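K.L.:
Can you keep this structure in mind? I'll have questions shortly.
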Amino acid sequence: MSIEQERDKAVAMRARENVFAGIDIDRMSERRDDRLWVEEMEAQPDTRFLILDAEGRAFVLAEADSPQWMSPAMRAERFGDIPSTFLGLAAGRAWFALVVDEAQAELFVSLTGARRMSLREAGLVLDAFDAGLFAYAKGIAHWQRQTRFCSQCGAPTLVVASGHRVQCTNPDGAHMHFPRTDAAIIVIVEDGDACLLGRQRGWPPGRYSTLAGFIEPGESLEDAVRREVREESGVEVLHATYHSSQPWPLPASLMVGFTATAKTREIHLRDDELEDARWFTVDDIVQGMASGTLGVPPPLSVSYRLIEHWLGLRGVDLDELVAGNAR
């Protein structure tokens with residue numbers, strides 16, 4: 001295998017290791033407008049419905065970290081008037097999402113004994129497929145909820161295409177709206193033996209993370225890396241290299257991870273986004289985590305993976321540091 005192939009394989013593996021990323025599902029976008037086919041899928045005995053409440057929480061088994069799926073039979077008998085969103089095909093079955101109101105949520109709990117779980121918690125305890133499916137469902141449900149009126153004319157909208165498009169009901173315009181994702185960059189900046197980390201006000205004491213920010217109109221990903229690092233820390237970036245990405249529907253983002261090389265180490269906090277920013281050597285991180293004076297983001301985030309990758313290239317295992325700090 002060539003160096004380029006090895007590099008591409010490593011990038012692909014990193015992306016699949018990110019929480020919420022890499023779920024193996026065929027979204028079947030070409031069948032979303034085929035209502036008869038979708039209805040047939042809804043009725044298949046092995047089809048599963050993921051249930052979300054109005055706040056975007058999923059329902060899980062009362063005494064286990066696994067989704068409390070709704071069967072087609074229960075859906076037809078008790079919740080048949082709720083429109084579903086088709087998510088795709090995986091593991092030989094169809095997967096759908098249903099968003100229920102509070103009364104319907106209480107009914108589902110009474111029928112199944114389920115409990116509710118936030119996406120942040122799910123990312124830490126559910127298996128990769130279940131957590132990824134939850135993120136997918138939550139992201140599209142949020143977009144549906146935010147697009148109840150046409151942004152062009154203000155008329156009410158109608159959800160179509162099995163949940164993946166929204167149609168304006170104004171006959172004079174009939175604008176079509178598509179799901180939106182807010183792209184953001186997140187980057188670990190390095191200079192020789194040190195990396196740049198910052199902290200925001202309100203974070204737990206001692207926690208530092210990689211720098212991040214949203215893409216602005218007319219801006220490339222690499223331009224956003226340079227701008228965000230400059231605005232938040234005053235550090236100039238020479239170049240940036242793609243690391244991996246992560247769906248982040250909290251509520252509607254895609255985090256695009258980078259590693260970057262700094263031109264200088266001089267720090268000037270410019271836009272008041274950060275309470276502090278500083279350069280950390282490997283020893284700074286190892287000793288800080290061992291003493292409890294330094295914390296890193298949870299494994300839920302791609303920030304953790306960026307720090308993990310940077311330390312791993314220098315022979316240090318971040319998972320082992322975290323495990324040692326927990327003892």
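Ligands are numbered from 1 in the order shown, chains are lettered A, B, ... in the order of the structure tokens, and residues start at 1 in each chain.
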For range 283-286 of chain A, find every residue with an atom within 12 Å (counting only C-alpha atoms), except residues of its own chain fewer than 3 positions away, and show them as a PyMOL selection string.

P.N.:
chain A and resi 193-197+206-209+278-280+289-296+307-308+310-311+314-322+324-325

K.L.:
Write down as a PyMOL selection string the residues belonging to range 163-316 of chain A that are assigned strand (DSSP E or B) by DSSP computed on the backbone.

P.N.:
chain A and resi 165-168+176-177+182-191+194-199+207+209+211-214+237-248+253-262+276-281+295

K.L.:
Write out as a PyMOL selection string all residues of range 83-226 of chain A that backbone DSSP assigns to alpha helix (DSSP H).

P.N.:
chain A and resi 102-112+119-125+128-146+221-226

K.L.:
Using only N, CA and C atoms, please write the residues we just selected to a file, as a compact mmCIF listing (two decimals), in the first residue's frame.

P.N.:
```txt
# COMPACT_ATOMS: atom_id res chain seq x y z
N GLU A 102 -46.07 15.89 24.36
CA GLU A 102 -45.90 15.42 25.74
C GLU A 102 -46.92 14.37 26.13
N ALA A 103 -48.16 14.54 25.71
CA ALA A 103 -49.18 13.54 26.05
C ALA A 103 -48.85 12.20 25.41
N GLN A 104 -48.39 12.24 24.17
CA GLN A 104 -48.03 11.00 23.48
C GLN A 104 -46.77 10.37 24.10
N ALA A 105 -45.87 11.24 24.54
CA ALA A 105 -44.66 10.74 25.20
C ALA A 105 -45.01 10.00 26.48
N GLU A 106 -45.92 10.57 27.27
CA GLU A 106 -46.33 9.92 28.51
C GLU A 106 -47.03 8.60 28.22
N LEU A 107 -47.80 8.55 27.15
CA LEU A 107 -48.46 7.30 26.77
C LEU A 107 -47.42 6.25 26.42
N PHE A 108 -46.41 6.63 25.65
CA PHE A 108 -45.37 5.68 25.27
C PHE A 108 -44.63 5.16 26.49
N VAL A 109 -44.35 6.05 27.44
CA VAL A 109 -43.68 5.63 28.67
C VAL A 109 -44.55 4.65 29.44
N SER A 110 -45.84 4.93 29.53
CA SER A 110 -46.74 4.04 30.27
C SER A 110 -46.86 2.67 29.61
N LEU A 111 -46.75 2.63 28.29
CA LEU A 111 -46.86 1.36 27.57
C LEU A 111 -45.58 0.54 27.62
N THR A 112 -44.43 1.21 27.72
CA THR A 112 -43.15 0.51 27.59
C THR A 112 -42.26 0.59 28.83
N LEU A 119 -29.16 13.65 23.74
CA LEU A 119 -28.18 13.21 22.75
C LEU A 119 -26.77 13.21 23.35
N ARG A 120 -26.47 14.17 24.20
CA ARG A 120 -25.13 14.21 24.82
C ARG A 120 -24.88 12.94 25.64
N GLU A 121 -25.87 12.54 26.42
CA GLU A 121 -25.71 11.31 27.19
C GLU A 121 -25.63 10.10 26.26
N ALA A 122 -26.46 10.10 25.22
CA ALA A 122 -26.49 8.97 24.30
C ALA A 122 -25.14 8.77 23.63
N GLY A 123 -24.46 9.87 23.28
CA GLY A 123 -23.17 9.77 22.63
C GLY A 123 -22.11 9.09 23.48
N LEU A 124 -22.33 9.08 24.78
CA LEU A 124 -21.37 8.47 25.70
C LEU A 124 -21.71 7.02 26.04
N VAL A 125 -22.99 6.64 25.91
CA VAL A 125 -23.38 5.31 26.40
C VAL A 125 -24.01 4.39 25.35
N ALA A 128 -22.45 2.69 18.64
CA ALA A 128 -22.18 3.66 17.58
C ALA A 128 -23.37 3.83 16.64
N PHE A 129 -24.02 2.73 16.25
CA PHE A 129 -25.14 2.85 15.32
C PHE A 129 -26.31 3.57 15.97
N ASP A 130 -26.67 3.18 17.19
CA ASP A 130 -27.82 3.78 17.86
C ASP A 130 -27.59 5.27 18.11
N ALA A 131 -26.39 5.63 18.55
CA ALA A 131 -26.09 7.04 18.80
C ALA A 131 -26.11 7.84 17.51
N GLY A 132 -25.56 7.26 16.43
CA GLY A 132 -25.56 7.95 15.14
C GLY A 132 -26.95 8.13 14.58
N LEU A 133 -27.79 7.11 14.74
CA LEU A 133 -29.16 7.21 14.25
C LEU A 133 -29.93 8.26 15.04
N PHE A 134 -29.69 8.33 16.34
CA PHE A 134 -30.32 9.34 17.19
C PHE A 134 -29.90 10.73 16.72
N ALA A 135 -28.62 10.92 16.46
CA ALA A 135 -28.15 12.23 16.00
C ALA A 135 -28.79 12.61 14.67
N TYR A 136 -28.89 11.66 13.76
CA TYR A 136 -29.52 11.87 12.46
C TYR A 136 -30.98 12.29 12.65
N ALA A 137 -31.71 11.54 13.47
CA ALA A 137 -33.12 11.84 13.70
C ALA A 137 -33.31 13.19 14.38
N LYS A 138 -32.49 13.47 15.37
CA LYS A 138 -32.61 14.74 16.09
C LYS A 138 -32.32 15.92 15.18
N GLY A 139 -31.31 15.78 14.33
CA GLY A 139 -30.97 16.88 13.44
C GLY A 139 -32.08 17.21 12.46
N ILE A 140 -32.68 16.19 11.86
CA ILE A 140 -33.73 16.48 10.87
C ILE A 140 -35.01 16.92 11.56
N ALA A 141 -35.28 16.41 12.77
CA ALA A 141 -36.47 16.85 13.51
C ALA A 141 -36.35 18.32 13.90
N HIS A 142 -35.15 18.73 14.28
CA HIS A 142 -34.93 20.15 14.62
C HIS A 142 -35.17 21.03 13.40
N TRP A 143 -34.66 20.61 12.24
CA TRP A 143 -34.87 21.40 11.02
C TRP A 143 -36.36 21.48 10.68
N GLN A 144 -37.09 20.40 10.80
CA GLN A 144 -38.53 20.43 10.53
C GLN A 144 -39.24 21.42 11.46
N ARG A 145 -38.85 21.38 12.73
CA ARG A 145 -39.48 22.26 13.71
C ARG A 145 -39.17 23.73 13.44
N GLN A 146 -37.98 24.01 12.91
CA GLN A 146 -37.56 25.39 12.64
C GLN A 146 -38.06 25.90 11.29
N LEU A 221 -13.06 26.44 4.27
CA LEU A 221 -12.78 25.84 5.57
C LEU A 221 -11.42 26.30 6.09
N GLU A 222 -10.42 26.29 5.21
CA GLU A 222 -9.08 26.69 5.62
C GLU A 222 -9.03 28.16 6.02
N ASP A 223 -9.77 29.01 5.29
CA ASP A 223 -9.84 30.42 5.65
C ASP A 223 -10.48 30.59 7.03
N ALA A 224 -11.49 29.78 7.31
CA ALA A 224 -12.15 29.86 8.61
C ALA A 224 -11.21 29.45 9.73
N VAL A 225 -10.38 28.45 9.50
CA VAL A 225 -9.38 28.06 10.51
C VAL A 225 -8.48 29.24 10.83
N ARG A 226 -7.94 29.88 9.80
CA ARG A 226 -7.03 30.99 10.02
C ARG A 226 -7.73 32.15 10.74
```

K.L.:
What's around Ala277 in chain A at 8 Å? Count only C-alpha atoms, leave out sequence neighbours fewer than 3 positions away in its own chain, and write the answer as number ranges by chain.

P.N.:
A: 196-199, 233, 267, 269, 274

K.L.:
I'd like the contact shell of Leu52 in chain A - 7 Å cut-off, only C-alpha atoms, skipping same-chain residues fewer than 6 positions apart - returned as a list in words.

P.N.:
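The neighbour list is Ala58, Phe59, Leu98, Val99 and Val100 of chain A.
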
K.L.:
Can you write out as CSV which residues of range 206-237 of chain A fall within 12 Å of range 248-253 of chain A, alongside each residue's closest atom pair and its distance in Å to one decimal, counting only C-alpha atoms and ordering rows by chain and ascending residue number?

P.N.:
```
residue,atom,partner,partner_atom,distance
A:Ala212,CA,A:Ser253,CA,12.0
A:Gly213,CA,A:Ser253,CA,10.7
A:Phe214,CA,A:Ser253,CA,8.8
A:Ile215,CA,A:Ser253,CA,10.5
```

K.L.:
Generate a file of the selected residues that holds N, CA, C and O atoms, formatted as a PDB file, in the first residue's frame.

P.N.:
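The resulting file, again_26.pdb, is reproduced below:
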```pdb
ATOM      1  N   ALA A 212     -12.538  26.656  18.038  1.00  0.00           N
ATOM      2  CA  ALA A 212     -13.593  26.327  17.068  1.00  0.00           C
ATOM      3  C   ALA A 212     -14.394  27.571  16.724  1.00  0.00           C
ATOM      4  O   ALA A 212     -14.388  28.564  17.459  1.00  0.00           O
ATOM      5  N   GLY A 213     -15.111  27.493  15.604  1.00  0.00           N
ATOM      6  CA  GLY A 213     -15.987  28.588  15.211  1.00  0.00           C
ATOM      7  C   GLY A 213     -16.722  28.270  13.922  1.00  0.00           C
ATOM      8  O   GLY A 213     -16.336  27.365  13.173  1.00  0.00           O
ATOM      9  N   PHE A 214     -17.786  29.011  13.663  1.00  0.00           N
ATOM     10  CA  PHE A 214     -18.623  28.763  12.495  1.00  0.00           C
ATOM     11  C   PHE A 214     -18.010  29.341  11.217  1.00  0.00           C
ATOM     12  O   PHE A 214     -17.305  30.347  11.248  1.00  0.00           O
ATOM     13  N   ILE A 215     -18.309  28.676  10.097  1.00  0.00           N
ATOM     14  CA  ILE A 215     -17.913  29.173   8.781  1.00  0.00           C
ATOM     15  C   ILE A 215     -18.766  30.387   8.434  1.00  0.00           C
ATOM     16  O   ILE A 215     -19.980  30.398   8.669  1.00  0.00           O
TER      17      ILE A 215
END
```

K.L.:
Mind running range 234-324 of chain A against range 180-192 of chain A at 12 Å and telling me each contacting residue's nearest atom pair with the distance in Å (one decimal), counting only C-alpha atoms, chain and number ascending, as JSON lines?

P.N.:
```
{"residue": "A:Val235", "atom": "CA", "partner": "A:Val189", "partner_atom": "CA", "distance": 9.2}
{"residue": "A:Glu236", "atom": "CA", "partner": "A:Val189", "partner_atom": "CA", "distance": 9.8}
{"residue": "A:Val237", "atom": "CA", "partner": "A:Val189", "partner_atom": "CA", "distance": 7.8}
{"residue": "A:Leu238", "atom": "CA", "partner": "A:Val189", "partner_atom": "CA", "distance": 9.9}
{"residue": "A:His239", "atom": "CA", "partner": "A:Val189", "partner_atom": "CA", "distance": 9.7}
{"residue": "A:Ala240", "atom": "CA", "partner": "A:Val187", "partner_atom": "CA", "distance": 8.4}
{"residue": "A:Thr241", "atom": "CA", "partner": "A:Val187", "partner_atom": "CA", "distance": 9.3}
{"residue": "A:Tyr242", "atom": "CA", "partner": "A:Val187", "partner_atom": "CA", "distance": 9.1}
{"residue": "A:His243", "atom": "CA", "partner": "A:Val187", "partner_atom": "CA", "distance": 8.8}
{"residue": "A:Ser244", "atom": "CA", "partner": "A:Ile186", "partner_atom": "CA", "distance": 9.9}
{"residue": "A:Ser245", "atom": "CA", "partner": "A:Ile185", "partner_atom": "CA", "distance": 9.0}
{"residue": "A:Gln246", "atom": "CA", "partner": "A:Ala184", "partner_atom": "CA", "distance": 10.1}
{"residue": "A:Pro247", "atom": "CA", "partner": "A:Thr181", "partner_atom": "CA", "distance": 9.2}
{"residue": "A:Trp248", "atom": "CA", "partner": "A:Asp182", "partner_atom": "CA", "distance": 9.3}
{"residue": "A:Pro249", "atom": "CA", "partner": "A:Thr181", "partner_atom": "CA", "distance": 8.4}
{"residue": "A:Leu250", "atom": "CA", "partner": "A:Asp182", "partner_atom": "CA", "distance": 10.3}
{"residue": "A:Pro251", "atom": "CA", "partner": "A:Asp182", "partner_atom": "CA", "distance": 9.2}
{"residue": "A:Ala252", "atom": "CA", "partner": "A:Thr181", "partner_atom": "CA", "distance": 5.5}
{"residue": "A:Ser253", "atom": "CA", "partner": "A:Asp182", "partner_atom": "CA", "distance": 4.5}
{"residue": "A:Leu254", "atom": "CA", "partner": "A:Ala183", "partner_atom": "CA", "distance": 4.8}
{"residue": "A:Met255", "atom": "CA", "partner": "A:Ala184", "partner_atom": "CA", "distance": 5.0}
{"residue": "A:Val256", "atom": "CA", "partner": "A:Ile185", "partner_atom": "CA", "distance": 4.8}
{"residue": "A:Gly257", "atom": "CA", "partner": "A:Ile186", "partner_atom": "CA", "distance": 4.8}
{"residue": "A:Phe258", "atom": "CA", "partner": "A:Val187", "partner_atom": "CA", "distance": 4.6}
{"residue": "A:Thr259", "atom": "CA", "partner": "A:Ile188", "partner_atom": "CA", "distance": 5.0}
{"residue": "A:Ala260", "atom": "CA", "partner": "A:Val189", "partner_atom": "CA", "distance": 4.6}
{"residue": "A:Thr261", "atom": "CA", "partner": "A:Glu190", "partner_atom": "CA", "distance": 5.1}
{"residue": "A:Ala262", "atom": "CA", "partner": "A:Asp191", "partner_atom": "CA", "distance": 5.5}
{"residue": "A:Lys263", "atom": "CA", "partner": "A:Asp191", "partner_atom": "CA", "distance": 7.8}
{"residue": "A:Thr264", "atom": "CA", "partner": "A:Asp191", "partner_atom": "CA", "distance": 7.8}
{"residue": "A:Arg265", "atom": "CA", "partner": "A:Asp191", "partner_atom": "CA", "distance": 7.4}
{"residue": "A:Glu266", "atom": "CA", "partner": "A:Asp191", "partner_atom": "CA", "distance": 11.1}
{"residue": "A:Ala277", "atom": "CA", "partner": "A:Val189", "partner_atom": "CA", "distance": 11.5}
{"residue": "A:Arg278", "atom": "CA", "partner": "A:Val189", "partner_atom": "CA", "distance": 10.9}
{"residue": "A:Trp279", "atom": "CA", "partner": "A:Glu190", "partner_atom": "CA", "distance": 8.5}
{"residue": "A:Phe280", "atom": "CA", "partner": "A:Glu190", "partner_atom": "CA", "distance": 9.3}
{"residue": "A:Thr281", "atom": "CA", "partner": "A:Gly192", "partner_atom": "CA", "distance": 9.1}
{"residue": "A:Val282", "atom": "CA", "partner": "A:Gly192", "partner_atom": "CA", "distance": 10.8}
{"residue": "A:Ser301", "atom": "CA", "partner": "A:Ile186", "partner_atom": "CA", "distance": 10.2}
{"residue": "A:Val302", "atom": "CA", "partner": "A:Ile186", "partner_atom": "CA", "distance": 8.0}
{"residue": "A:Ser303", "atom": "CA", "partner": "A:Ile186", "partner_atom": "CA", "distance": 7.0}
{"residue": "A:Tyr304", "atom": "CA", "partner": "A:Ile188", "partner_atom": "CA", "distance": 10.1}
{"residue": "A:Arg305", "atom": "CA", "partner": "A:Ile188", "partner_atom": "CA", "distance": 9.9}
{"residue": "A:Leu306", "atom": "CA", "partner": "A:Ile188", "partner_atom": "CA", "distance": 6.3}
{"residue": "A:Ile307", "atom": "CA", "partner": "A:Ile188", "partner_atom": "CA", "distance": 7.0}
{"residue": "A:Glu308", "atom": "CA", "partner": "A:Ile188", "partner_atom": "CA", "distance": 10.3}
{"residue": "A:His309", "atom": "CA", "partner": "A:Ile188", "partner_atom": "CA", "distance": 9.6}
{"residue": "A:Trp310", "atom": "CA", "partner": "A:Ile188", "partner_atom": "CA", "distance": 8.0}
{"residue": "A:Leu311", "atom": "CA", "partner": "A:Ile188", "partner_atom": "CA", "distance": 11.0}
{"residue": "A:Arg314", "atom": "CA", "partner": "A:Gly192", "partner_atom": "CA", "distance": 11.2}
```

K.L.:
Nearest residue to Pro171 in chain A out of A:Cys153, A:Ile23, A:Met41, A:Leu36, using only C-alpha atoms?

P.N.:
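Counting only C-alpha atoms, the residue closest to Pro171 in chain A is A:Cys153.
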
K.L.:
Which residues are near range 43-50 of chain A? Cut-off 9 Å, only C-alpha atoms, ignore same chain within fewer than 5 positions. Put them as a PyMOL selection string.

P.N.:
chain A and resi 38+58-59+67-73+75-76+84+92-99+133-134+137
